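*Asks:* Here it is: the structure, laid out below.
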Amino acid sequence: MINGDLMKKTSVFCVVLLFCIFLVSCSTPPNFEKQYFAMGTVITQNIYGTDPQKAADEVFSKIQQLESVLTINKAGSQIDTLNSNAGNGKWIPLDKEIIYILETAQKYAALSNGAFDPTVGPLVKAWGIFTDHPRIPPQTEIKRLLKLVNYKDLLLDVPNLSARLTKKGQIVDLGGIAKGYAGDVAKDIYIKDGIKSAFINLGGNVVALGSKPDGSPWKVGIQNPRQPDGKYLGIVPIRNQTVVTSGDYERYFERNGVRYHHIIDPKTGAPSKSGLISTSIITDVSINADALSTATFVLGLEKAMALVESLPGVEAIFITSDKKIYTTKGLQGVFTFTDTSGEFTYVEKR
Ligand code: AMP
Ligand code: MG
């Protein structure tokens, strides 16, 4: 996240996030495996190659640097500067890569008709799901804050590498996309360092470089959203791809038996109740997968399926609150359903 909240995630959340997606098996032991903590989550890197330590450290420093510019919890970070100047007409200079993240966020906001919206910050803050004091904001407050949520109010001047928010009080929150970008950057560093085979898991955002050293695909487990971490209900084999999951089990609080999770529907201002409890996107570019995992979660099964099926090279796994699993056509015969809880049904044909 790198939303205000990404940065605040506690170690409890980290443990939760660690296993949202994970390597199911790795018959060849990695010649290097290391865990770090950054972006509010545990980051695991498996690297095969010469001098993996150097690549892993380089990736970690880069992720820390990204965290420091994208966080909204540190006064003076680039995104904080963008937010704190909202509504005053000033164009804020930003790093090229931040402009790229913002452009990508805008693209998926438009594509999902605002289901993904990087200006959702005021609502994320109001619910305080990542804080020690989460709350249910009164409807009057939600109504007021909804007026601040509109990705079209985020103006980008790409040639001059600057941006501004048109209304005072608006907050850009890149929590739904930043880890995806970090995964792409990690992969680029591995390639630059001559590594042919690597796997990074940023709290449920997985990116693979190549295949396993023996040539077989990496096997990624999809977490059972209603069971403890590490219980998966299916496996997706990937080579040189990314798998990103959004789920209502990743971060939430409960009041009177109701779960209030961290993915906000920008139309209602409340945690999304689209009928989906987990969405996983499989594609080549992790920033795209991250934006789409959040967008499809909010869109609900029908619209999510239509959106993903319209995008070449993108596949998805959707899990509904009535415990049915749906996959895009391209995953049929590829996704292996392995649920042992007996609670979930794989609906192969829709
Ligand atoms: P993810 O786990 O990738 O689905 O991202 C969820 C995070 O993105 C939340 O913790 C918020 O910081 C932010 N977020 C919540 N709702 C939205 C939304 N509708 N669009 C974009 N970002 C969101
Ligand atoms: Mg996301």
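Residue numbers start at 1 in each chain; chains themselves are named A, B, ... in the order of the structure tokens; ligands are numbered from 1 in the order shown.
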Which residues of chain A come within 10 Å of ligand 2, and for each one, what is the closest pair of atoms and their distance in Å to one decimal, counting only C-alpha atoms and all ligand atoms, sorted by chain and residue number, as a tab-separated table?
*Replies:*
```
residue	atom	partner	partner_atom_place_in_ligand_line	distance
A:Met1	CA	ligand 2	1 (Mg)	8.5
A:Phe116	CA	ligand 2	1 (Mg)	8.6
A:Leu174	CA	ligand 2	1 (Mg)	9.0
A:Gly175	CA	ligand 2	1 (Mg)	7.2
A:Gly176	CA	ligand 2	1 (Mg)	3.8
A:Ile177	CA	ligand 2	1 (Mg)	5.0
A:Ala178	CA	ligand 2	1 (Mg)	8.1
A:Lys179	CA	ligand 2	1 (Mg)	8.0
A:Gly180	CA	ligand 2	1 (Mg)	7.3
A:Gly204	CA	ligand 2	1 (Mg)	9.9
A:Asn205	CA	ligand 2	1 (Mg)	8.6
A:Val244	CA	ligand 2	1 (Mg)	7.1
A:Thr245	CA	ligand 2	1 (Mg)	7.1
A:Ser246	CA	ligand 2	1 (Mg)	6.0
A:Gly247	CA	ligand 2	1 (Mg)	9.5
A:Ile263	CA	ligand 2	1 (Mg)	9.1
A:Thr279	CA	ligand 2	1 (Mg)	9.4
A:Ser280	CA	ligand 2	1 (Mg)	9.4
A:Ile281	CA	ligand 2	1 (Mg)	9.3
A:Ser286	CA	ligand 2	1 (Mg)	9.5
A:Ile287	CA	ligand 2	1 (Mg)	8.2
A:Asn288	CA	ligand 2	1 (Mg)	8.6
A:Ala289	CA	ligand 2	1 (Mg)	7.1
A:Asp290	CA	ligand 2	1 (Mg)	3.6
A:Ala291	CA	ligand 2	1 (Mg)	4.6
A:Leu292	CA	ligand 2	1 (Mg)	6.3
A:Ser293	CA	ligand 2	1 (Mg)	4.8
A:Thr294	CA	ligand 2	1 (Mg)	4.2
A:Ala295	CA	ligand 2	1 (Mg)	7.4
A:Thr296	CA	ligand 2	1 (Mg)	9.2
A:Phe297	CA	ligand 2	1 (Mg)	8.9
```
*Asks:* For A:Ile319, work out the shell of residues within 12 Å, counting only C-alpha atoms and skipping chain neighbours fewer than 3 positions away, then give it as a ChimeraX atom specification.
*Replies:* /A:222-226,233-234,245-248,274-281,293,296-297,300-301,304-305,316,322-328,343-347
*Asks:* Would you save the residues from that selection as an mmCIF file, in the first residue's frame, using C-alpha atoms?
*Replies:*
```
data_model
loop_
_atom_site.group_PDB
_atom_site.id
_atom_site.type_symbol
_atom_site.label_atom_id
_atom_site.label_comp_id
_atom_site.auth_asym_id
_atom_site.auth_seq_id
_atom_site.Cartn_x
_atom_site.Cartn_y
_atom_site.Cartn_z
ATOM 1 C CA ILE A 222 -4.230 -19.305 -3.944
ATOM 2 C CA GLN A 223 -5.142 -18.761 -0.298
ATOM 3 C CA ASN A 224 -8.420 -20.138 1.035
ATOM 4 C CA PRO A 225 -10.040 -16.832 2.071
ATOM 5 C CA ARG A 226 -11.827 -18.421 4.999
ATOM 6 C CA LEU A 233 -7.569 -23.982 -2.473
ATOM 7 C CA GLY A 234 -5.912 -23.996 -5.826
ATOM 8 C CA THR A 245 -4.596 -11.197 -5.025
ATOM 9 C CA SER A 246 -7.012 -8.820 -3.286
ATOM 10 C CA GLY A 247 -9.087 -10.291 -0.473
ATOM 11 C CA ASP A 248 -11.470 -9.213 2.270
ATOM 12 C CA SER A 274 -19.801 -6.877 -4.539
ATOM 13 C CA GLY A 275 -20.190 -10.541 -3.630
ATOM 14 C CA LEU A 276 -16.489 -11.225 -4.280
ATOM 15 C CA ILE A 277 -14.259 -12.072 -1.312
ATOM 16 C CA SER A 278 -11.062 -12.735 -3.254
ATOM 17 C CA THR A 279 -9.775 -11.858 -6.711
ATOM 18 C CA SER A 280 -6.486 -12.998 -8.246
ATOM 19 C CA ILE A 281 -5.098 -11.605 -11.483
ATOM 20 C CA SER A 293 -7.159 -7.118 -8.527
ATOM 21 C CA THR A 296 -12.333 -6.453 -10.073
ATOM 22 C CA PHE A 297 -12.915 -6.969 -6.342
ATOM 23 C CA GLY A 300 -18.244 -7.965 -8.698
ATOM 24 C CA LEU A 301 -18.234 -11.213 -10.651
ATOM 25 C CA ALA A 304 -15.061 -8.276 -13.402
ATOM 26 C CA MET A 305 -15.247 -11.295 -15.701
ATOM 27 C CA ALA A 316 -8.276 -14.241 -13.227
ATOM 28 C CA ASP A 322 -21.144 -18.148 -1.494
ATOM 29 C CA LYS A 323 -17.836 -20.001 -1.820
ATOM 30 C CA LYS A 324 -17.727 -20.598 -5.531
ATOM 31 C CA ILE A 325 -14.572 -20.249 -7.582
ATOM 32 C CA TYR A 326 -14.714 -18.933 -11.119
ATOM 33 C CA THR A 327 -11.806 -18.655 -13.540
ATOM 34 C CA THR A 328 -11.357 -16.993 -16.904
ATOM 35 C CA GLU A 343 -16.508 -25.774 1.467
ATOM 36 C CA PHE A 344 -15.651 -24.391 -1.957
ATOM 37 C CA THR A 345 -16.913 -25.367 -5.393
ATOM 38 C CA TYR A 346 -15.014 -24.803 -8.601
ATOM 39 C CA VAL A 347 -17.480 -23.612 -11.198
#
```
*Asks:* For A:Val308, which residue among A:Ile99, A:Val285, A:Val124, A:Leu111 is the nearest when counting only C-alpha atoms?
*Replies:*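 Comparing A:Ile99, A:Val285, A:Val124, A:Leu111 against A:Val308, the winner is A:Leu111.
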*Asks:* Name the residues in contact with A:Asp80 at a cut-off of 9 Å, using only C-alpha atoms, excluding same-chain residues fewer than 6 positions from it; report them as JSON, numbers by chain.
*Replies:* {"A": [69, 70, 71, 72, 73, 74, 171, 172]}
*Asks:* Could you list, as a PyMOL selection string, every residue within 7 Å of A:Tyr252, counting only C-alpha atoms and ignoring same-chain residues fewer than 3 positions away?
*Replies:* chain A and resi 129+249+259-262
*Asks:* Those residues with all heavy atoms, as a compact mmCIF listing (two decimals), in the first residue's frame please?
*Replies:*
```
# COMPACT_ATOMS: atom_id res chain seq x y z
N ILE A 129 -8.91 1.63 8.78
CA ILE A 129 -8.78 0.17 8.90
C ILE A 129 -7.37 -0.27 9.27
O ILE A 129 -7.17 -1.30 9.90
CB ILE A 129 -9.32 -0.51 7.62
CG1 ILE A 129 -10.84 -0.32 7.60
CG2 ILE A 129 -8.99 -2.01 7.56
CD1 ILE A 129 -11.50 -0.57 6.29
N TYR A 249 -10.01 -10.71 3.51
CA TYR A 249 -9.41 -11.31 4.71
C TYR A 249 -8.04 -10.71 5.00
O TYR A 249 -7.43 -11.04 6.00
CB TYR A 249 -9.27 -12.83 4.51
CG TYR A 249 -8.46 -13.19 3.29
CD1 TYR A 249 -7.09 -13.42 3.38
CD2 TYR A 249 -9.05 -13.25 2.03
CE1 TYR A 249 -6.33 -13.69 2.25
CE2 TYR A 249 -8.30 -13.51 0.89
CZ TYR A 249 -6.95 -13.73 1.01
OH TYR A 249 -6.19 -14.00 -0.11
N ARG A 259 -17.93 -7.77 9.07
CA ARG A 259 -16.53 -7.56 8.69
C ARG A 259 -16.41 -6.28 7.85
O ARG A 259 -17.10 -6.12 6.84
CB ARG A 259 -16.07 -8.77 7.86
CG ARG A 259 -14.65 -8.68 7.35
CD ARG A 259 -14.32 -9.84 6.44
NE ARG A 259 -14.36 -11.12 7.16
CZ ARG A 259 -13.45 -12.09 7.02
NH1 ARG A 259 -12.42 -11.91 6.21
NH2 ARG A 259 -13.57 -13.22 7.67
N TYR A 260 -15.54 -5.38 8.27
CA TYR A 260 -15.27 -4.16 7.50
C TYR A 260 -13.84 -4.26 7.00
O TYR A 260 -12.90 -4.13 7.77
CB TYR A 260 -15.47 -2.92 8.38
CG TYR A 260 -16.90 -2.78 8.88
CD1 TYR A 260 -17.28 -3.26 10.13
CD2 TYR A 260 -17.87 -2.20 8.07
CE1 TYR A 260 -18.59 -3.15 10.58
CE2 TYR A 260 -19.19 -2.09 8.50
CZ TYR A 260 -19.54 -2.57 9.75
OH TYR A 260 -20.84 -2.47 10.18
N HIS A 261 -13.69 -4.51 5.70
CA HIS A 261 -12.36 -4.74 5.15
C HIS A 261 -11.81 -3.48 4.47
O HIS A 261 -12.47 -2.43 4.46
CB HIS A 261 -12.38 -5.95 4.22
CG HIS A 261 -13.31 -5.77 3.06
ND1 HIS A 261 -12.96 -5.01 1.98
CD2 HIS A 261 -14.58 -6.20 2.84
CE1 HIS A 261 -13.97 -5.00 1.13
NE2 HIS A 261 -14.97 -5.71 1.63
N HIS A 262 -10.62 -3.63 3.87
CA HIS A 262 -9.87 -2.46 3.42
C HIS A 262 -10.10 -2.02 1.99
O HIS A 262 -9.49 -1.06 1.53
CB HIS A 262 -8.37 -2.73 3.63
CG HIS A 262 -7.84 -3.81 2.71
ND1 HIS A 262 -8.38 -5.06 2.60
CD2 HIS A 262 -6.81 -3.80 1.83
CE1 HIS A 262 -7.71 -5.76 1.73
NE2 HIS A 262 -6.75 -5.02 1.24
```
*Asks:* Taking into account only C-alpha atoms and all ligand atoms, which residue in the set A:Gln65, A:Asn85, A:Thr104, A:Asn240 is nearest to ligand 1?
*Replies:*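 Looking only at the distances to ligand 1, the closest residue turns out to be A:Thr104.
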*Asks:* Among the residues of stretch 222-318 of chain A, find those DSSP assigns to helix (DSSP H, G or I) from the backbone and print them as a PDB file with N, CA, C and O atoms, in the first residue's frame.
*Replies:*
```
ATOM      1  N   SER A 286       3.054  -6.581 -13.207  1.00  0.00           N
ATOM      2  CA  SER A 286       2.455  -6.664 -11.881  1.00  0.00           C
ATOM      3  C   SER A 286       1.674  -5.411 -11.492  1.00  0.00           C
ATOM      4  O   SER A 286       0.670  -5.495 -10.779  1.00  0.00           O
ATOM      5  N   ILE A 287       2.106  -4.244 -11.955  1.00  0.00           N
ATOM      6  CA  ILE A 287       1.342  -3.031 -11.604  1.00  0.00           C
ATOM      7  C   ILE A 287      -0.072  -3.137 -12.195  1.00  0.00           C
ATOM      8  O   ILE A 287      -1.053  -2.745 -11.549  1.00  0.00           O
ATOM      9  N   ASN A 288      -0.169  -3.698 -13.399  1.00  0.00           N
ATOM     10  CA  ASN A 288      -1.487  -3.860 -14.019  1.00  0.00           C
ATOM     11  C   ASN A 288      -2.327  -4.867 -13.232  1.00  0.00           C
ATOM     12  O   ASN A 288      -3.520  -4.669 -12.994  1.00  0.00           O
ATOM     13  N   ALA A 289      -1.674  -5.952 -12.820  1.00  0.00           N
ATOM     14  CA  ALA A 289      -2.386  -6.988 -12.055  1.00  0.00           C
ATOM     15  C   ALA A 289      -2.895  -6.412 -10.733  1.00  0.00           C
ATOM     16  O   ALA A 289      -4.015  -6.717 -10.290  1.00  0.00           O
ATOM     17  N   ASP A 290      -2.072  -5.569 -10.103  1.00  0.00           N
ATOM     18  CA  ASP A 290      -2.460  -5.009  -8.806  1.00  0.00           C
ATOM     19  C   ASP A 290      -3.677  -4.091  -8.949  1.00  0.00           C
ATOM     20  O   ASP A 290      -4.654  -4.192  -8.191  1.00  0.00           O
ATOM     21  N   ALA A 291      -3.631  -3.201  -9.937  1.00  0.00           N
ATOM     22  CA  ALA A 291      -4.778  -2.310 -10.154  1.00  0.00           C
ATOM     23  C   ALA A 291      -6.021  -3.145 -10.461  1.00  0.00           C
ATOM     24  O   ALA A 291      -7.109  -2.897  -9.927  1.00  0.00           O
ATOM     25  N   LEU A 292      -5.837  -4.174 -11.289  1.00  0.00           N
ATOM     26  CA  LEU A 292      -6.993  -4.988 -11.684  1.00  0.00           C
ATOM     27  C   LEU A 292      -7.529  -5.846 -10.541  1.00  0.00           C
ATOM     28  O   LEU A 292      -8.724  -6.121 -10.478  1.00  0.00           O
ATOM     29  N   SER A 293      -6.650  -6.282  -9.627  1.00  0.00           N
ATOM     30  CA  SER A 293      -7.159  -7.118  -8.527  1.00  0.00           C
ATOM     31  C   SER A 293      -8.100  -6.283  -7.666  1.00  0.00           C
ATOM     32  O   SER A 293      -9.179  -6.730  -7.284  1.00  0.00           O
ATOM     33  N   THR A 294      -7.730  -5.041  -7.406  1.00  0.00           N
ATOM     34  CA  THR A 294      -8.577  -4.172  -6.591  1.00  0.00           C
ATOM     35  C   THR A 294      -9.843  -3.793  -7.372  1.00  0.00           C
ATOM     36  O   THR A 294     -10.956  -3.843  -6.833  1.00  0.00           O
ATOM     37  N   ALA A 295      -9.662  -3.430  -8.648  1.00  0.00           N
ATOM     38  CA  ALA A 295     -10.806  -3.022  -9.474  1.00  0.00           C
ATOM     39  C   ALA A 295     -11.845  -4.137  -9.581  1.00  0.00           C
ATOM     40  O   ALA A 295     -13.045  -3.913  -9.362  1.00  0.00           O
ATOM     41  N   THR A 296     -11.378  -5.357  -9.866  1.00  0.00           N
ATOM     42  CA  THR A 296     -12.333  -6.453 -10.073  1.00  0.00           C
ATOM     43  C   THR A 296     -13.024  -6.817  -8.764  1.00  0.00           C
ATOM     44  O   THR A 296     -14.200  -7.188  -8.755  1.00  0.00           O
ATOM     45  N   PHE A 297     -12.313  -6.688  -7.651  1.00  0.00           N
ATOM     46  CA  PHE A 297     -12.915  -6.969  -6.342  1.00  0.00           C
ATOM     47  C   PHE A 297     -14.148  -6.094  -6.139  1.00  0.00           C
ATOM     48  O   PHE A 297     -15.188  -6.549  -5.662  1.00  0.00           O
ATOM     49  N   VAL A 298     -14.016  -4.832  -6.535  1.00  0.00           N
ATOM     50  CA  VAL A 298     -15.110  -3.874  -6.346  1.00  0.00           C
ATOM     51  C   VAL A 298     -16.202  -4.084  -7.405  1.00  0.00           C
ATOM     52  O   VAL A 298     -17.395  -3.916  -7.129  1.00  0.00           O
ATOM     53  N   LEU A 299     -15.810  -4.478  -8.608  1.00  0.00           N
ATOM     54  CA  LEU A 299     -16.785  -4.600  -9.698  1.00  0.00           C
ATOM     55  C   LEU A 299     -17.788  -5.736  -9.494  1.00  0.00           C
ATOM     56  O   LEU A 299     -18.919  -5.661  -9.954  1.00  0.00           O
ATOM     57  N   LEU A 301     -18.547 -10.130  -9.712  1.00  0.00           N
ATOM     58  CA  LEU A 301     -18.234 -11.213 -10.651  1.00  0.00           C
ATOM     59  C   LEU A 301     -18.522 -10.889 -12.119  1.00  0.00           C
ATOM     60  O   LEU A 301     -17.648 -11.043 -12.964  1.00  0.00           O
ATOM     61  N   GLU A 302     -19.746 -10.474 -12.416  1.00  0.00           N
ATOM     62  CA  GLU A 302     -20.122 -10.333 -13.830  1.00  0.00           C
ATOM     63  C   GLU A 302     -19.270  -9.290 -14.541  1.00  0.00           C
ATOM     64  O   GLU A 302     -18.682  -9.549 -15.591  1.00  0.00           O
ATOM     65  N   LYS A 303     -19.203  -8.092 -13.930  1.00  0.00           N
ATOM     66  CA  LYS A 303     -18.448  -7.002 -14.572  1.00  0.00           C
ATOM     67  C   LYS A 303     -16.958  -7.306 -14.569  1.00  0.00           C
ATOM     68  O   LYS A 303     -16.238  -6.965 -15.508  1.00  0.00           O
ATOM     69  N   ALA A 304     -16.484  -7.948 -13.503  1.00  0.00           N
ATOM     70  CA  ALA A 304     -15.061  -8.276 -13.402  1.00  0.00           C
ATOM     71  C   ALA A 304     -14.682  -9.262 -14.507  1.00  0.00           C
ATOM     72  O   ALA A 304     -13.662  -9.103 -15.186  1.00  0.00           O
ATOM     73  N   MET A 305     -15.523 -10.272 -14.677  1.00  0.00           N
ATOM     74  CA  MET A 305     -15.247 -11.295 -15.701  1.00  0.00           C
ATOM     75  C   MET A 305     -15.244 -10.636 -17.086  1.00  0.00           C
ATOM     76  O   MET A 305     -14.352 -10.885 -17.896  1.00  0.00           O
ATOM     77  N   ALA A 306     -16.215  -9.770 -17.331  1.00  0.00           N
ATOM     78  CA  ALA A 306     -16.296  -9.103 -18.642  1.00  0.00           C
ATOM     79  C   ALA A 306     -15.052  -8.235 -18.865  1.00  0.00           C
ATOM     80  O   ALA A 306     -14.467  -8.257 -19.955  1.00  0.00           O
ATOM     81  N   LEU A 307     -14.630  -7.526 -17.832  1.00  0.00           N
ATOM     82  CA  LEU A 307     -13.450  -6.656 -17.988  1.00  0.00           C
ATOM     83  C   LEU A 307     -12.204  -7.494 -18.286  1.00  0.00           C
ATOM     84  O   LEU A 307     -11.478  -7.233 -19.248  1.00  0.00           O
ATOM     85  N   VAL A 308     -11.984  -8.528 -17.481  1.00  0.00           N
ATOM     86  CA  VAL A 308     -10.752  -9.314 -17.640  1.00  0.00           C
ATOM     87  C   VAL A 308     -10.759 -10.063 -18.978  1.00  0.00           C
ATOM     88  O   VAL A 308      -9.733 -10.116 -19.661  1.00  0.00           O
ATOM     89  N   GLU A 309     -11.912 -10.608 -19.359  1.00  0.00           N
ATOM     90  CA  GLU A 309     -11.967 -11.334 -20.638  1.00  0.00           C
ATOM     91  C   GLU A 309     -11.739 -10.391 -21.820  1.00  0.00           C
ATOM     92  O   GLU A 309     -11.358 -10.825 -22.896  1.00  0.00           O
TER      93      GLU A 309
END
```
*Asks:* Looking at A:Phe335, A:Pro118, A:Ala270, A:Thr44, which one is nearest to A:Glu141, with distances taken over only C-alpha atoms?
*Replies:*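 Among the listed residues, the smallest separation from A:Glu141 belongs to A:Ala270.
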*Asks:* Leaving out A:Leu165 and any residue of its chain fewer than 6 positions from it, which residues lie within 10 Å of it when counting only C-alpha atoms, given as an MDAnalysis selection string?
*Replies:* chainID A and resid 82:92 119 148 150:156 171:172
*Asks:* Of the candidates A:Lys187, A:Lys329, A:Lys273, A:Arg135, which one gets nearest to ligand 1 if we count only C-alpha atoms and all ligand atoms?
*Replies:*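 Closest to ligand 1, using only C-alpha atoms and all ligand atoms: A:Lys273.
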*Asks:* Closest to A:Ala115 among A:Val243, A:Val158, A:Val149, A:Ile98, using only C-alpha atoms?
*Replies:*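 Comparing A:Val243, A:Val158, A:Val149, A:Ile98 against A:Ala115, the winner is A:Val149.
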*Asks:* Restricting the calculation to only C-alpha atoms and all ligand atoms: of A:Lys143, A:Lys125, A:Lys212, A:Arg239, which residue gets closest to ligand 1?
*Replies:* A:Lys125
*Asks:* If you count only C-alpha atoms, which residues fall within 6 Å of A:Pro237, apart from same-chain ones fewer than 5 positions away, as a list in words?
*Replies:* Pro217, Trp218 and Lys219 of chain A
*Asks:* How would the residues just picked look written out with C-alpha atoms as an mmCIF file, in the first residue's frame?
*Replies:*
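Result went into part_18.cif, see below:
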```
data_model
loop_
_atom_site.group_PDB
_atom_site.id
_atom_site.type_symbol
_atom_site.label_atom_id
_atom_site.label_comp_id
_atom_site.auth_asym_id
_atom_site.auth_seq_id
_atom_site.Cartn_x
_atom_site.Cartn_y
_atom_site.Cartn_z
ATOM 1 C CA PRO A 217 6.837 -23.512 -13.779
ATOM 2 C CA TRP A 218 6.590 -21.805 -10.412
ATOM 3 C CA LYS A 219 3.507 -23.063 -8.616
#
```
